[in-house]
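Peer 1: Here you go, coords21.txt (compact mmCIF, C-alpha atoms):
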```
# COMPACT_ATOMS: atom_id res chain seq x y z
CA ALA G 22 -21.14 5.55 13.53
CA GLN G 23 -20.12 4.11 10.22
CA SER G 24 -17.19 1.74 9.72
CA VAL G 25 -15.43 -0.03 6.87
CA THR G 26 -13.61 -3.35 6.98
CA GLN G 27 -11.23 -4.63 4.36
CA PRO G 28 -10.53 -8.19 5.49
CA ASP G 29 -7.46 -8.75 3.31
CA ILE G 30 -4.37 -6.76 4.25
CA HIS G 31 -2.27 -8.20 1.42
CA ILE G 32 -3.24 -9.96 -1.79
CA THR G 33 -0.92 -11.35 -4.45
CA VAL G 34 -2.18 -12.27 -7.91
CA SER G 35 -0.48 -13.23 -11.14
CA GLU G 36 -0.54 -10.82 -14.03
CA GLY G 37 -3.54 -11.59 -16.23
CA ALA G 38 -5.50 -13.23 -13.42
CA SER G 39 -8.77 -11.90 -12.11
CA LEU G 40 -8.99 -9.86 -8.92
CA GLU G 41 -11.55 -9.29 -6.22
CA LEU G 42 -10.91 -7.04 -3.22
CA ARG G 43 -13.39 -7.26 -0.40
CA CYS G 44 -15.04 -4.39 1.42
CA ASN G 45 -17.71 -4.56 4.10
CA TYR G 46 -19.32 -1.50 5.59
CA SER G 47 -21.53 -0.67 8.52
CA TYR G 48 -23.90 2.25 8.11
CA GLY G 49 -27.52 2.74 9.12
CA ALA G 50 -28.73 4.55 6.02
CA THR G 51 -28.15 4.23 2.29
CA PRO G 52 -24.39 4.43 1.90
CA TYR G 53 -22.32 6.39 -0.52
CA LEU G 54 -19.38 4.12 -1.33
CA PHE G 55 -15.99 4.71 -2.86
CA TRP G 56 -12.85 2.90 -3.90
CA TYR G 57 -9.58 4.80 -4.01
CA VAL G 58 -6.18 3.60 -5.22
CA GLN G 59 -2.83 4.75 -3.90
CA SER G 60 0.22 4.02 -6.03
CA PRO G 61 3.59 3.99 -4.23
CA GLY G 62 4.57 7.48 -3.11
CA GLN G 63 1.38 9.00 -4.49
CA GLY G 64 -1.84 10.43 -3.15
CA LEU G 65 -5.22 8.75 -3.41
CA GLN G 66 -7.01 8.58 -6.74
CA LEU G 67 -10.71 7.85 -7.04
CA LEU G 68 -11.38 4.59 -8.91
CA LEU G 69 -15.16 4.54 -8.71
CA LYS G 70 -18.14 5.54 -6.62
CA TYR G 71 -21.65 4.37 -5.83
CA PHE G 72 -24.39 6.82 -4.94
CA SER G 73 -27.58 5.12 -6.11
CA GLY G 74 -29.13 3.25 -9.02
CA ASP G 75 -27.36 0.40 -10.79
CA THR G 76 -25.56 -1.68 -8.20
CA LEU G 77 -22.73 -2.55 -10.60
CA VAL G 78 -20.57 0.50 -11.15
CA GLN G 79 -17.75 0.95 -13.60
CA GLY G 80 -14.62 2.89 -12.85
CA ILE G 81 -11.34 3.87 -14.36
CA LYS G 82 -8.57 1.47 -15.37
CA GLY G 83 -11.02 -1.37 -16.06
CA PHE G 84 -12.23 -1.73 -12.47
CA GLU G 85 -15.80 -2.36 -11.40
CA ALA G 86 -17.53 -2.80 -8.06
CA GLU G 87 -20.84 -4.29 -7.01
CA PHE G 88 -22.97 -2.95 -4.17
CA LYS G 89 -24.81 -5.69 -2.29
CA ARG G 90 -27.05 -4.23 0.36
CA SER G 91 -27.98 -7.63 1.83
CA GLN G 92 -24.31 -8.41 2.47
CA SER G 93 -23.24 -4.82 3.31
CA SER G 94 -20.49 -5.23 0.76
CA PHE G 95 -18.92 -3.25 -2.03
CA ASN G 96 -16.29 -5.54 -3.55
CA LEU G 97 -13.89 -4.32 -6.21
CA ARG G 98 -13.16 -6.50 -9.25
CA LYS G 99 -11.01 -6.56 -12.32
CA PRO G 100 -11.09 -9.38 -14.89
CA SER G 101 -7.40 -9.24 -15.83
CA VAL G 102 -4.77 -7.61 -13.63
CA HIS G 103 -1.84 -5.67 -15.07
CA TRP G 104 1.51 -5.19 -13.35
CA SER G 105 0.73 -1.46 -13.06
CA ASP G 106 -2.24 -2.29 -10.80
CA ALA G 107 0.14 -3.04 -7.92
CA ALA G 108 -0.88 -0.47 -5.30
CA GLU G 109 -2.85 -0.05 -2.11
CA TYR G 110 -6.62 0.08 -2.39
CA PHE G 111 -8.96 1.78 0.05
CA CYS G 112 -12.69 1.40 0.40
CA ALA G 113 -14.59 4.27 1.99
CA VAL G 114 -18.14 5.11 3.03
CA GLY G 115 -19.47 8.65 2.93
CA ALA G 116 -21.86 9.99 5.54
CA TRP G 117 -23.27 13.26 6.75
CA GLU G 118 -21.65 13.96 10.08
CA ASN G 119 -21.03 17.06 12.17
CA ALA G 120 -22.33 19.41 9.47
CA GLY G 121 -20.02 17.93 6.90
CA ASN G 122 -19.68 15.19 4.32
CA MET G 123 -17.24 12.78 5.85
CA LEU G 124 -15.45 9.74 4.50
CA THR G 125 -14.58 6.78 6.70
CA PHE G 126 -11.85 4.59 5.25
CA GLY G 127 -11.04 0.94 5.61
CA GLY G 128 -7.55 -0.18 6.57
CA GLY G 129 -6.54 -0.80 2.97
CA THR G 130 -5.52 -3.82 0.91
CA ARG G 131 -2.06 -3.95 -0.63
CA LEU G 132 -2.08 -5.65 -4.01
CA MET G 133 1.05 -7.28 -5.36
CA VAL G 134 1.19 -8.57 -8.94
CA LYS G 135 3.45 -11.49 -9.90
CA PRO G 136 4.84 -11.54 -13.45
CA ASN Q 1 -5.05 23.10 -12.84
CA ALA Q 2 -2.75 21.81 -10.09
CA GLY Q 3 -5.56 20.32 -7.97
CA VAL Q 4 -4.39 19.79 -4.38
CA THR Q 5 -0.76 20.44 -3.55
CA GLN Q 6 1.14 19.87 -0.30
CA THR Q 7 4.35 21.36 1.02
CA PRO Q 8 6.80 19.92 2.00
CA LYS Q 9 6.95 16.38 0.59
CA PHE Q 10 9.29 15.06 3.27
CA ARG Q 11 10.40 16.30 6.67
CA VAL Q 12 12.38 14.98 9.60
CA LEU Q 13 11.84 16.59 13.00
CA LYS Q 14 13.34 16.05 16.42
CA THR Q 15 11.01 15.50 19.35
CA GLY Q 16 9.69 18.82 20.62
CA GLN Q 17 10.23 20.76 17.41
CA SER Q 18 7.37 22.47 15.63
CA MET Q 19 6.38 22.69 12.00
CA THR Q 20 3.56 23.65 9.66
CA LEU Q 21 2.31 21.68 6.69
CA LEU Q 22 0.72 23.66 3.91
CA CYS Q 23 -2.12 22.49 1.69
CA ALA Q 24 -3.38 24.47 -1.27
CA GLN Q 25 -6.22 23.78 -3.70
CA ASP Q 26 -7.26 25.61 -6.85
CA MET Q 27 -10.68 24.04 -7.37
CA ASN Q 28 -12.60 26.59 -5.29
CA HIS Q 29 -13.67 23.87 -2.88
CA GLU Q 30 -15.34 24.88 0.35
CA TYR Q 31 -14.31 21.86 2.40
CA MET Q 32 -10.76 20.85 3.24
CA TYR Q 33 -9.44 17.99 5.33
CA TRP Q 34 -6.25 16.73 6.96
CA TYR Q 35 -5.71 12.99 7.37
CA ARG Q 36 -2.90 10.86 8.67
CA GLN Q 37 -2.13 7.47 7.21
CA ASP Q 38 -0.57 4.73 9.29
CA PRO Q 39 0.01 1.10 8.22
CA GLY Q 40 -3.11 -1.04 8.55
CA MET Q 41 -5.22 1.85 9.82
CA GLY Q 42 -6.28 3.48 6.59
CA LEU Q 43 -6.73 7.24 6.71
CA ARG Q 44 -7.88 8.92 9.89
CA LEU Q 45 -9.29 12.42 9.96
CA ILE Q 46 -7.32 14.93 12.04
CA HIS Q 47 -9.15 18.20 11.42
CA TYR Q 48 -11.34 19.62 8.73
CA SER Q 49 -12.71 22.96 7.58
CA VAL Q 50 -16.10 23.77 6.14
CA GLY Q 51 -15.08 27.19 4.93
CA GLU Q 52 -12.70 30.10 5.34
CA GLY Q 53 -12.14 30.86 9.01
CA THR Q 54 -13.91 27.71 10.25
CA THR Q 55 -12.27 24.52 11.49
CA ALA Q 56 -13.39 21.45 13.42
CA LYS Q 57 -11.86 18.40 15.06
CA GLY Q 58 -11.83 15.01 13.45
CA GLU Q 59 -11.11 11.60 14.84
CA VAL Q 60 -7.50 12.16 15.99
CA PRO Q 61 -6.99 15.90 16.67
CA ASP Q 62 -4.70 15.79 19.72
CA GLY Q 63 -1.29 17.36 19.17
CA TYR Q 64 -2.35 19.22 16.01
CA ASN Q 65 -3.77 22.63 15.23
CA VAL Q 66 -5.12 24.00 11.96
CA SER Q 67 -5.98 27.29 10.35
CA ARG Q 68 -7.92 28.31 7.27
CA LEU Q 69 -7.27 32.00 6.72
CA LYS Q 70 -7.81 31.78 2.98
CA LYS Q 71 -10.28 29.57 1.16
CA GLN Q 72 -7.61 27.91 -0.92
CA ASN Q 73 -5.19 27.13 1.91
CA PHE Q 74 -5.39 24.82 4.91
CA LEU Q 75 -2.48 24.66 7.34
CA LEU Q 76 -1.70 21.85 9.75
CA GLY Q 77 0.58 22.66 12.68
CA LEU Q 78 2.47 20.49 15.10
CA GLU Q 79 3.47 22.59 18.11
CA SER Q 80 5.67 20.01 19.84
CA ALA Q 81 6.31 16.98 17.67
CA ALA Q 82 6.30 13.49 19.18
CA PRO Q 83 7.47 10.18 17.67
CA SER Q 84 3.82 9.04 17.63
CA GLN Q 85 3.21 11.71 14.98
CA THR Q 86 5.50 9.95 12.53
CA SER Q 87 3.12 9.32 9.65
CA VAL Q 88 2.13 10.27 6.14
CA TYR Q 89 -0.16 13.28 6.08
CA PHE Q 90 -2.71 13.84 3.34
CA CYS Q 91 -4.74 16.89 2.57
CA ALA Q 92 -8.01 16.66 0.66
CA SER Q 93 -10.74 18.99 -0.52
CA SER Q 94 -14.33 18.71 -1.69
CA TYR Q 95 -17.33 20.76 -2.73
CA SER Q 96 -19.72 21.97 -0.05
CA PRO Q 97 -22.83 19.92 0.77
CA GLY Q 98 -25.87 20.34 -1.39
CA ARG Q 99 -24.87 17.89 -4.05
CA ILE Q 100 -23.95 14.24 -3.86
CA SER Q 101 -20.62 14.88 -5.53
CA SER Q 102 -19.57 16.76 -2.41
CA TYR Q 103 -18.75 13.41 -0.85
CA GLU Q 104 -15.99 12.92 -3.41
CA GLN Q 105 -12.69 14.13 -2.02
CA TYR Q 106 -9.61 15.12 -4.01
CA PHE Q 107 -6.28 14.29 -2.42
CA GLY Q 108 -2.84 15.83 -2.43
CA PRO Q 109 0.34 13.75 -2.86
CA GLY Q 110 1.10 13.56 0.84
CA THR Q 111 3.84 14.64 3.25
CA ARG Q 112 6.00 12.01 4.87
CA LEU Q 113 6.96 13.15 8.38
CA THR Q 114 9.43 11.40 10.64
CA VAL Q 115 9.87 12.46 14.26
CA THR Q 116 13.00 11.15 15.94
```
Any chance you could give the structure as structure tokens?

Peer 2:
Amino acid sequence: AQSVTQPDIHITVSEGASLELRCNYSYGATPYLFWYVQSPGQGLQLLLKYFSGDTLVQGIKGFEAEFKRSQSSFNLRKPSVHWSDAAEYFCAVGAWENAGNMLTFGGGTRLMVKP
Amino acid sequence: NAGVTQTPKFRVLKTGQSMTLLCAQDMNHEYMYWYRQDPGMGLRLIHYSVGEGTTAKGEVPDGYNVSRLKKQNFLLGLESAAPSQTSVYFCASSYSPGRISSYEQYFGPGTRLTVT
């Protein structure tokens, strides 16, 4: 079965600093990978996704992520963080399971932004 | 286009009470899902549906039942609420398999449930 690990439960960065959120997955086949963001009191919004092809994918709000098969990682990056980026971020892997397309989520990383 | 909506947004129950959470989507998606979100545990799948009239168990189904009588609606029921069911519940929907985009799920805003 697939699994996703987000090693950092909380991260605090200063506004304007760069950001990298870590995600490691375990899956036997080629993974479909996702990053979602959850702002306080809101549902989950898709930031970006990787299905195949270029291993560096661009998403909304200036985020990007790089798929590294050799490291089983899909880390999320942003060159300059804005105060509005404070939220919880979830990495997920998609797999075919039980006649359905299922997502398995990591535990999440809560990002705090210092002014 | 409202996307995925959930009713209610908040609810407080006493132990043993029952309730139903309603999820509705207007994107004509075949698949619908119910998740619960607990601190540090991400989202865990409770039940899902691959089409009208069809449901299946997810990772944490105990204590919950679901029904999908109409394609656009997916109901989650708690027959006898327990404090362990205090959580935030999210509904999601997606296209049916056959295209890669079917892995992308669209989420509702969530229902915060407290069981005392």

Peer 1: For Q:Thr20, work out the shell of residues within 10 Å, counting all atoms listed in the file and skipping chain neighbours fewer than 4 positions away, then give it as number ranges by chain.

Peer 2: Q: 7-8, 64-66, 75-79

Peer 1: Neighbours of G:Gln92 within 12 Å (all atoms listed in the file; same-chain residues fewer than 2 positions away dropped), as a ChimeraX atom specification?

Peer 2: /G:43-47,87-90,94-96

Peer 1: Find the residues of chain Q in contact range of chain G, meaning any atom within 6 Å when counting all atoms listed in the file, and list them as a ChimeraX atom specification.

Peer 2: /Q:40-43,103,107-110

Peer 1: Just give me the gap between atom CA of Q:Pro39 and atom CA of G:Tyr71 in Å, one decimal is fine.

Peer 2: 26.0 Å

Peer 1: Skipping near chain neighbours, those fewer than 5 positions away, what residues fall within 10 Å of G:Val34 using all atoms listed in the file, listed as a list in words?

Peer 2: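 In the requested format, the answer is Ser39, Leu40, Glu41, Ser101, Val102, His103, Trp104, Ala107, Leu132, Met133, Val134, Lys135 and Pro136 of chain G.
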
Peer 1: Please save C-alpha atoms of the selected residues as an mmCIF file, in the frame of the given file.

Peer 2:
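Now in result.cif:
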```
data_model
loop_
_atom_site.group_PDB
_atom_site.id
_atom_site.type_symbol
_atom_site.label_atom_id
_atom_site.label_comp_id
_atom_site.auth_asym_id
_atom_site.auth_seq_id
_atom_site.Cartn_x
_atom_site.Cartn_y
_atom_site.Cartn_z
ATOM 1 C CA SER G 39 -8.770 -11.900 -12.110
ATOM 2 C CA LEU G 40 -8.990 -9.860 -8.920
ATOM 3 C CA GLU G 41 -11.550 -9.290 -6.220
ATOM 4 C CA SER G 101 -7.400 -9.240 -15.830
ATOM 5 C CA VAL G 102 -4.770 -7.610 -13.630
ATOM 6 C CA HIS G 103 -1.840 -5.670 -15.070
ATOM 7 C CA TRP G 104 1.510 -5.190 -13.350
ATOM 8 C CA ALA G 107 0.140 -3.040 -7.920
ATOM 9 C CA LEU G 132 -2.080 -5.650 -4.010
ATOM 10 C CA MET G 133 1.050 -7.280 -5.360
ATOM 11 C CA VAL G 134 1.190 -8.570 -8.940
ATOM 12 C CA LYS G 135 3.450 -11.490 -9.900
ATOM 13 C CA PRO G 136 4.840 -11.540 -13.450
#
```

Peer 1: So how many Å separate atom CA of Q:Val4 and atom CA of Q:His47, to one decimal?

Peer 2: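 Interatomic distance, atom CA of Q:Val4 to atom CA of Q:His47: 16.6 Å.
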
Peer 1: Mind pulling up the distance from atom CA of Q:Gln25 to atom CA of G:Val78?

Peer 2: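 Computing the Euclidean distance for atom CA of G:Val78 and atom CA of Q:Gln25 yields 28.3 Å.
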
Peer 1: Counting only C-alpha atoms, which residue out of Q:Glu104, Q:Glu52, Q:Glu30, Q:Asp62 sits closest to Q:Gln85?

Peer 2: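 With only C-alpha atoms as the atom set, the closest residue is Q:Asp62.
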
Peer 1: Under the rule that only C-alpha atoms are counted, which of Q:Thr54, Q:Ser49, Q:Gln72, Q:Gln17 is the nearest residue to Q:Trp34?

Peer 2: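 When distances to Q:Trp34 are compared using only C-alpha atoms, the smallest one comes from Q:Ser49.
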
Peer 1: Considering only C-alpha atoms, can you say which of G:Glu85, G:Asp29, G:Asp106, G:Glu118 comes closest to G:Leu42?

Peer 2: G:Asp29

Peer 1: Select, from Q:Gly3, Q:Gly98, Q:Gly16, Q:Gly51, the residue with the minimum atom-to-atom distance to Q:Thr116, counting only C-alpha atoms.

Peer 2: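 Looking only at the distances to Q:Thr116, the closest residue turns out to be Q:Gly16.
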
Peer 1: Write out as AutoDock Vina command-line options an axis-aligned box for stretch 55-65 of chain Q: all of its atoms listed in the file, 8 Å added on each side, centre and edge lengths in Å with one decimal.

Peer 2:
```
--center_x -7.3 --center_y 18.1 --center_z 15.6 --size_x 28.1 --size_y 28.9 --size_z 24.2
```

Peer 1: Counting only C-alpha atoms, note down every residue that has an atom within 8 Å of the point (-2.1, 13.1, 8.9) (file coordinates), as a list in words.

Peer 2: Trp34, Tyr35, Arg36, Gln37, Leu43, Arg44, Leu45, Ile46, Ser87, Val88, Tyr89, Phe90 and Cys91 of chain Q

Peer 1: For each of G:Ala108, G:Lys82, G:Leu97, G:Tyr57, take the minimum atom-to-atom distance to G:Thr33, counting only C-alpha atoms, then give the residue where this is smallest.

Peer 2: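 For G:Thr33, the nearest of the given residues is G:Ala108.
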
Peer 1: Could you check the closest approach to G:Gln23 for each of G:Ser73, G:Thr51, G:Ser91, G:Ser60 and tell me which residue wins, using all atoms listed in the file?

Peer 2: G:Thr51

Peer 1: From (11.2, 13.8, 5.4), in the file's coordinates, out to 9 Å: which residues are reached, counting all atoms listed in the file? Answer as a short mmCIF file (atom, residue, chain, number, x, y, z; two decimals) with C-alpha atoms, keeping the file's coordinate frame.

Peer 2:
```cif
data_model
loop_
_atom_site.label_atom_id
_atom_site.label_comp_id
_atom_site.auth_asym_id
_atom_site.auth_seq_id
_atom_site.Cartn_x
_atom_site.Cartn_y
_atom_site.Cartn_z
CA PRO Q 8 6.80 19.92 2.00
CA LYS Q 9 6.95 16.38 0.59
CA PHE Q 10 9.29 15.06 3.27
CA ARG Q 11 10.40 16.30 6.67
CA VAL Q 12 12.38 14.98 9.60
CA LEU Q 13 11.84 16.59 13.00
CA THR Q 111 3.84 14.64 3.25
CA ARG Q 112 6.00 12.01 4.87
CA LEU Q 113 6.96 13.15 8.38
CA THR Q 114 9.43 11.40 10.64
#
```
